[in-house]
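As stored in target23.txt (compact mmCIF, C-alpha atoms and all ligand atoms):
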# COMPACT_ATOMS: atom_id res chain seq x y z
CA MET A 1 0.00 0.00 0.00
CA LYS A 2 1.13 3.55 -0.76
CA TYR A 3 0.28 6.37 1.65
CA VAL A 4 0.27 10.03 0.69
CA SER A 5 -0.23 13.44 2.20
CA PHE A 6 -1.73 15.88 -0.28
CA TYR A 7 -3.18 19.38 -0.48
CA ASP A 8 -6.97 19.55 -0.42
CA GLY A 9 -7.81 23.24 -0.53
CA GLY A 10 -5.61 24.79 2.13
CA HIS A 11 -5.30 21.59 4.17
CA VAL A 12 -2.92 18.67 4.03
CA ARG A 13 -4.88 15.42 4.21
CA PRO A 14 -3.80 11.79 4.32
CA GLY A 15 -4.81 9.26 1.70
CA LEU A 16 -4.22 5.82 0.27
CA LEU A 17 -3.05 5.51 -3.28
CA ASP A 18 -5.05 3.10 -5.42
CA ASP A 19 -3.44 3.30 -8.87
CA ASN A 20 -4.16 6.89 -9.82
CA ARG A 21 -6.84 7.52 -7.19
CA ILE A 22 -6.29 9.03 -3.76
CA ILE A 23 -8.70 7.39 -1.31
CA ALA A 24 -9.61 9.17 1.90
CA ILE A 25 -8.28 8.02 5.25
CA ALA A 26 -10.44 9.10 8.18
CA CYS A 27 -7.61 10.75 10.14
CA GLU A 28 -6.38 14.30 10.53
CA SER A 29 -2.89 13.49 9.30
CA LEU A 30 -0.77 10.61 8.10
CA ILE A 31 1.14 10.69 11.41
CA GLU A 32 -2.13 10.14 13.29
CA TYR A 33 -2.85 7.15 11.04
CA VAL A 34 0.68 5.76 11.33
CA ALA A 35 0.42 5.98 15.11
CA LEU A 36 -2.69 3.75 15.25
CA PRO A 37 -2.15 0.16 16.35
CA GLU A 38 -1.76 -1.96 13.22
CA GLY A 39 -5.12 -3.70 13.75
CA GLU A 40 -6.99 -0.40 13.91
CA ARG A 41 -5.75 1.16 10.70
CA ALA A 42 -8.00 -0.59 8.19
CA ALA A 43 -11.12 0.76 9.94
CA ARG A 44 -10.01 4.27 8.88
CA HIS A 45 -9.93 3.43 5.18
CA THR A 46 -12.90 4.78 3.23
CA ASN A 47 -14.24 4.32 -0.29
CA GLU A 48 -14.20 8.03 -1.01
CA THR A 49 -11.98 9.12 -3.90
CA LEU A 50 -10.64 12.55 -3.01
CA ALA A 51 -8.51 13.32 -6.04
CA LEU A 52 -6.55 11.82 -8.88
CA LEU A 53 -2.83 11.54 -8.30
CA ASP A 54 -2.11 13.21 -11.66
CA ASP A 55 -4.00 16.31 -10.53
CA ALA A 56 -2.94 16.34 -6.89
CA ARG A 57 -0.20 18.34 -5.24
CA LEU A 58 1.56 16.05 -2.79
CA ALA A 59 2.95 17.15 0.55
CA ALA A 60 5.84 15.58 2.42
CA PRO A 61 4.28 12.33 3.66
CA VAL A 62 5.07 13.08 7.30
CA ARG A 63 6.48 16.04 9.16
CA PRO A 64 7.92 14.69 12.38
CA PRO A 65 7.62 17.18 15.23
CA LYS A 66 11.28 16.70 16.03
CA ASN A 67 14.52 16.41 14.10
CA VAL A 68 14.94 13.91 11.30
CA PHE A 69 17.36 11.18 12.34
CA CYS A 70 20.19 10.48 9.93
CA VAL A 71 23.00 7.98 9.71
CA GLY A 72 26.45 9.02 8.51
CA ARG A 73 28.82 6.74 6.60
CA ASN A 74 26.58 3.69 6.29
CA TYR A 75 27.88 2.55 2.90
CA LEU A 76 31.51 1.45 2.67
CA GLU A 77 32.21 3.06 -0.70
CA HIS A 78 30.82 6.38 0.54
CA ALA A 79 32.96 6.18 3.69
CA LYS A 80 35.98 5.54 1.45
CA GLU A 81 35.27 8.42 -0.94
CA GLY A 82 34.76 10.78 2.00
CA ALA A 83 38.06 9.80 3.62
CA ARG A 84 39.82 10.16 0.25
CA ALA A 85 38.34 13.60 -0.44
CA LEU A 86 39.28 14.87 3.02
CA GLY A 87 42.74 13.26 2.96
CA ARG A 88 41.96 11.20 6.05
CA GLU A 89 42.59 7.60 6.92
CA LEU A 90 39.50 5.41 6.61
CA LYS A 91 38.33 4.36 10.06
CA LEU A 92 34.95 2.67 10.17
CA PRO A 93 32.80 3.18 13.24
CA GLU A 94 31.76 0.21 15.36
CA VAL A 95 28.38 1.77 16.08
CA PRO A 96 26.28 3.88 13.70
CA THR A 97 27.00 7.61 13.56
CA PHE A 98 23.72 9.43 14.18
CA PHE A 99 23.04 13.08 13.50
CA SER A 100 19.92 15.05 12.68
CA LYS A 101 18.32 17.57 10.38
CA ALA A 102 15.94 20.23 11.68
CA PRO A 103 12.29 19.47 10.85
CA THR A 104 12.04 22.88 9.12
CA ALA A 105 14.37 21.47 6.43
CA ILE A 106 11.60 19.14 5.22
CA VAL A 107 9.90 20.12 1.97
CA ASP A 108 7.26 18.58 -0.28
CA PRO A 109 8.21 15.96 -2.84
CA ASP A 110 7.79 18.27 -5.83
CA ALA A 111 9.06 21.42 -4.12
CA THR A 112 11.44 23.79 -5.84
CA LEU A 113 14.45 23.96 -3.55
CA GLN A 114 15.43 27.57 -2.87
CA PHE A 115 19.00 28.03 -1.76
CA SER A 116 21.21 31.10 -1.50
CA ALA A 117 24.82 31.31 -2.68
CA ARG A 118 25.39 33.81 0.14
CA VAL A 119 24.70 31.01 2.63
CA SER A 120 26.42 28.10 0.89
CA GLN A 121 28.24 27.54 -2.37
CA GLU A 122 28.54 23.81 -1.87
CA MET A 123 25.04 22.30 -1.80
CA ASP A 124 25.36 18.56 -2.38
CA TRP A 125 23.01 15.61 -2.91
CA GLU A 126 22.64 12.44 -0.79
CA GLY A 127 19.96 9.98 -1.93
CA GLU A 128 18.75 7.78 0.93
CA LEU A 129 16.21 5.16 1.88
CA ALA A 130 14.23 6.50 4.83
CA VAL A 131 12.43 4.41 7.44
CA VAL A 132 9.18 5.72 8.92
CA ILE A 133 8.56 4.56 12.48
CA GLY A 134 5.01 3.35 13.24
CA SER A 135 5.03 2.66 16.95
CA ARG A 136 6.66 3.95 20.11
CA VAL A 137 9.74 1.94 20.80
CA LYS A 138 12.55 2.05 23.33
CA ASP A 139 15.36 -0.45 23.89
CA ALA A 140 14.29 -2.54 20.89
CA SER A 141 16.24 -5.72 20.28
CA GLU A 142 17.41 -6.27 16.72
CA ALA A 143 14.96 -9.20 16.54
CA ASP A 144 11.99 -6.97 17.44
CA ALA A 145 13.12 -3.74 15.80
CA MET A 146 11.24 -4.20 12.53
CA ASP A 147 7.94 -4.38 14.42
CA ALA A 148 8.29 -0.64 14.98
CA VAL A 149 8.56 0.14 11.24
CA PHE A 150 5.55 1.49 9.35
CA GLY A 151 7.12 1.85 5.93
CA TYR A 152 9.68 3.46 3.67
CA THR A 153 10.16 6.58 1.61
CA CYS A 154 12.90 8.51 -0.21
CA VAL A 155 14.86 11.37 1.34
CA ASN A 156 17.45 13.64 -0.19
CA ASP A 157 19.79 14.48 2.71
CA ILE A 158 21.02 17.65 1.02
CA THR A 159 24.14 18.99 2.66
CA ALA A 160 25.92 22.36 2.64
CA ARG A 161 29.47 20.97 2.62
CA ASP A 162 31.12 24.32 3.36
CA LEU A 163 28.92 24.78 6.45
CA GLN A 164 29.42 21.15 7.48
CA ARG A 165 33.19 21.78 7.51
CA ALA A 166 33.04 25.22 9.10
CA HIS A 167 30.75 24.26 11.98
CA MET A 168 32.47 20.95 12.82
CA GLN A 169 29.11 19.68 14.05
CA PHE A 170 26.67 18.47 11.35
CA LEU A 171 23.42 20.14 12.42
CA LYS A 172 23.80 23.47 10.63
CA GLY A 173 25.11 22.18 7.31
CA LYS A 174 22.35 19.56 7.20
CA SER A 175 19.44 21.79 8.18
CA LEU A 176 19.05 24.61 5.66
CA ASP A 177 15.47 25.21 4.56
CA GLY A 178 14.69 22.97 1.61
CA SER A 179 17.46 20.50 2.36
CA CYS A 180 15.20 17.57 3.22
CA PRO A 181 12.87 16.75 0.31
CA MET A 182 10.84 13.67 1.26
CA GLY A 183 8.46 11.36 -0.59
CA PRO A 184 6.70 11.13 -2.93
CA TRP A 185 4.83 8.73 -0.61
CA ILE A 186 5.36 6.04 2.01
CA VAL A 187 5.26 2.42 0.91
CA GLY A 188 4.01 0.19 3.74
CA LYS A 189 6.46 -2.40 5.02
CA GLU A 190 4.07 -5.16 3.96
CA ASP A 191 5.00 -4.37 0.36
CA ILE A 192 8.76 -4.33 1.01
CA PRO A 193 9.54 -7.54 2.88
CA ASP A 194 13.29 -6.99 2.42
CA PRO A 195 14.36 -3.32 2.54
CA HIS A 196 17.97 -4.43 2.13
CA ARG A 197 17.46 -5.45 -1.46
CA LEU A 198 16.49 -2.22 -3.19
CA GLN A 199 18.28 -0.45 -6.01
CA LEU A 200 18.85 3.22 -5.23
CA SER A 201 19.99 5.79 -7.76
CA VAL A 202 20.46 9.54 -7.91
CA ARG A 203 20.44 11.53 -11.14
CA VAL A 204 21.19 15.20 -11.66
CA ASN A 205 19.81 16.54 -14.95
CA GLY A 206 19.35 12.94 -16.05
CA ARG A 207 22.98 11.96 -15.39
CA ARG A 208 23.53 9.20 -12.89
CA LYS A 209 25.56 10.30 -9.86
CA GLN A 210 24.85 7.57 -7.29
CA GLN A 211 23.87 3.95 -7.81
CA ALA A 212 23.88 1.21 -5.20
CA ASN A 213 21.82 -1.50 -3.58
CA THR A 214 20.62 -1.16 -0.01
CA ASP A 215 22.24 -4.56 0.66
CA GLN A 216 25.49 -2.56 0.92
CA MET A 217 24.45 -0.83 4.14
CA ILE A 218 27.07 -1.35 6.86
CA PHE A 219 24.50 -1.15 9.67
CA LYS A 220 21.18 -2.69 8.60
CA ILE A 221 17.83 -1.26 9.69
CA PRO A 222 17.26 -3.56 12.73
CA ARG A 223 20.67 -2.56 14.08
CA LEU A 224 19.99 1.15 13.44
CA ILE A 225 16.68 0.99 15.32
CA ALA A 226 18.18 -1.07 18.14
CA GLU A 227 21.07 1.38 18.60
CA LEU A 228 18.99 4.54 18.23
CA SER A 229 16.25 3.34 20.58
CA LYS A 230 18.72 2.40 23.34
CA GLY A 231 17.52 4.53 26.23
CA MET A 232 15.75 6.86 23.78
CA THR A 233 12.13 6.67 22.70
CA LEU A 234 11.29 6.63 19.01
CA GLU A 235 7.79 7.78 18.16
CA PRO A 236 5.29 7.24 15.34
CA GLY A 237 6.20 9.44 12.39
CA ASP A 238 9.88 9.59 13.27
CA VAL A 239 12.03 9.30 10.18
CA ILE A 240 15.43 7.66 9.98
CA ALA A 241 17.43 8.38 6.82
CA THR A 242 19.67 5.34 6.52
CA GLY A 243 22.74 6.86 4.88
CA THR A 244 23.92 7.52 1.35
CA PRO A 245 26.07 5.48 -1.02
CA ASP A 246 29.09 6.78 -2.92
CA GLY A 247 28.85 9.33 -5.71
CA VAL A 248 28.13 12.48 -3.72
CA GLY A 249 29.32 15.75 -5.24
CA PHE A 250 32.11 16.84 -2.91
CA ALA A 251 34.02 13.57 -3.34
CA ARG A 252 33.95 13.69 -7.16
CA THR A 253 36.92 14.78 -9.27
CA PRO A 254 36.54 17.69 -9.70
CA PRO A 255 33.97 18.29 -6.95
CA GLU A 256 30.42 19.03 -8.13
CA PHE A 257 27.70 20.95 -6.36
CA PHE A 258 24.18 21.96 -7.27
CA GLN A 259 23.83 24.68 -9.89
CA ASP A 260 20.82 26.93 -10.39
CA GLY A 261 18.21 25.07 -12.45
CA ASP A 262 19.43 21.52 -11.69
CA ILE A 263 16.85 18.75 -11.49
CA VAL A 264 17.72 16.09 -8.93
CA GLU A 265 16.02 12.71 -8.78
CA ILE A 266 16.25 10.02 -6.10
CA GLU A 267 14.83 6.74 -7.36
CA ILE A 268 14.39 3.74 -5.08
CA GLN A 269 13.08 0.41 -6.32
CA LYS A 270 9.55 -0.45 -5.11
CA ILE A 271 9.09 3.10 -3.80
CA GLY A 272 9.35 5.62 -6.62
CA THR A 273 11.10 8.81 -7.63
CA LEU A 274 11.57 11.99 -5.64
CA ARG A 275 12.23 14.80 -8.12
CA ASN A 276 13.10 18.41 -7.26
CA THR A 277 14.28 21.48 -9.09
CA VAL A 278 17.06 23.47 -7.46
CA ARG A 279 17.14 27.28 -7.53
CA ILE A 280 20.16 29.11 -6.22
CA SER A 281 19.86 32.85 -5.78
CA PRO A 282 23.05 34.97 -5.89
MG MG B 301 23.20 11.43 4.60
When written as structure tokens, how does the structure in this file appear?
Amino acid sequence: MKYVSFYDGGHVRPGLLDDNRIIAIACESLIEYVALPEGERAARHTNETLALLDDARLAAPVRPPKNVFCVGRNYLEHAKEGARALGRELKLPEVPTFFSKAPTAIVDPDATLQFSARVSQEMDWEGELAVVIGSRVKDASEADAMDAVFGYTCVNDITARDLQRAHMQFLKGKSLDGSCPMGPWIVGKEDIPDPHRLQLSVRVNGRRKQQANTDQMIFKIPRLIAELSKGMTLEPGDVIATGTPDGVGFARTPPEFFQDGDIVEIEIQKIGTLRNTVRISP
């Protein structure tokens, strides 16, 4: 099943996608629906067609009230390219590296991304599989961790590399407005029995920049949830971006960053394509 948030007049409403039709869900938001116990969700499905997907303007599927969780260096080839570009020795972490993006960075799946060259001249792409949490969980074991998952979506963990370097700490360089496009929808976990077998690719203006399979993740999703939920509650609607493969701009020779007018696409097998236009003002 695919789950969307879309604009209906001035309101964002949740819906189920049935081919091209958006079917109403009797909830205020997709987060409210996601937070329902699994057995109570179907009772909220209706038969009412609200819109056709082709005509609808989609919103980011969820907007978590708190920061978006991210994982750094979760693909070996990306860890290697990063170390190479920075002239550092490759040292792999024994536990996942977590950081976060401010929730204000989240934008709709078809949003035009508005950046300013006065703020950053090194805006870079990072295509990632994102996990949407469906139930409150703390101290999950790896064996139970997947029970807390609702589904999956695409995230572009766009990064201002110059700010990331200047501030030492990741938060600022990861949190500019527009730097977390998400969507276009959530695919329920029932439709993706193995999230570690998905092709992921990133194209800029139709040219492939990143291509990998999620089987290359160093820390798999159960481990990520187990580590993150140690002593820390995860809540319905929380999003965990699981890391990016190699092929990011700053590690390329020569380095590449977004230019005004670029079109960036994150495509993940069984989910879909997140496509945004980038505008950079002087
Ligand atoms: Mg990332």
What are the closest atom pairs, with distances in Å to one decimal, for all residues of segment 204-248 of chain A lying within 12 Å of segment 175-192 of chain A? Consider only C-alpha atoms, order rows by chain and residue number, and present the result as a tab-separated table.
residue	atom	partner	partner_atom	distance
A:Gly237	CA	A:Ile186	CA	11.0
A:Val239	CA	A:Met182	CA	10.0
A:Ile240	CA	A:Met182	CA	11.5
A:Ala241	CA	A:Met182	CA	10.1
Requested in this report: Extract, using all atoms listed in the file, all DNA, RNA and protein residues at most 7 Å from segment 13-30 of chain A, discarding same-chain residues fewer than 5 positions from it, and format them as a list in words.
Outcome: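 Within the cut-off, the hits are Lys2, Tyr3, Val4, Ser5, Phe6, Tyr7, Asp8, Arg44, His45, Thr46, Asn47, Glu48, Thr49, Leu50, Ala51, Leu52, Leu53, Asp54, Pro61 and Val62 of chain A.
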Put the listed atoms of segment 68-77 of chain A in a box along x, y and z with 3 Å added on every side and give me the centre and edge lengths in Å to one decimal, as JSON.
{"center_x": 23.6, "center_y": 7.7, "center_z": 5.8, "size_x": 23.3, "size_y": 18.5, "size_z": 19.0}
| said: Could you check the closest approach to ligand MG 301 (chain B) for each of A:Tyr152, A:Phe170, A:Tyr33, A:Phe115 and tell me which residue wins, using all atoms listed in the file? | reply: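 Among the listed residues, A:Phe170 lies closest to ligand MG 301 (chain B).
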Could you tell me which of A:Gly9, A:Leu171, A:Glu128, A:Thr214 comes closest to ligand MG 301 (chain B) if we count only C-alpha atoms and all ligand atoms?
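Among A:Gly9, A:Leu171, A:Glu128, A:Thr214, it is A:Glu128 that comes nearest to ligand MG 301 (chain B).
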Discussion item. Neighbours of ligand MG 301 (chain B) at 6 Å or closer, counting only C-alpha atoms and all ligand atoms: which residues, as number ranges by chain?
Written reply: A: 72, 126, 157, 243-244
Would you compute the distance between atom CA of Asp124 of chain A and atom CA of Gly272 of chain A? Give it in Å to one decimal.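 Computing it gives 21.0 Å between the two atoms.
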Could you list, as number ranges by chain, every residue within 6 Å of Tyr75 of chain A, counting only C-alpha atoms and ignoring same-chain residues fewer than 3 positions away?
A: 78, 216-218, 245
Using all atoms listed in the file, pick whichever of A:Gly206, A:Pro37, A:Pro96, A:Pro236 has the shortest atom-to-atom distance to Val137 of chain A.
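Selected residue with least distance to Val137 of chain A: A:Pro236.
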### Query
From the set A:Gln169, A:Leu198, A:Asp55, A:Ile133, which residue has the shortest atom-to-atom contact distance to Ala212 of chain A, counting all atoms listed in the file?
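So, comparing all the options, the nearest one is A:Leu198.
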Problem set entry | A:Lys209, A:Gln199, A:Ala42, A:Arg279 ranked by distance to Met1 of chain A, top pick (using all atoms listed in the file) |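 Closest candidate: A:Ala42.
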List every protein, DNA or RNA residue that has an atom no more than 12 Å from (15.4, 20.5, 0.1) in the file's coordinate frame, counting all atoms listed in the file, and report them as a ChimeraX atom specification.
-> /A:60,101-115,123-127,155-160,174-183,258,263-265,274-280
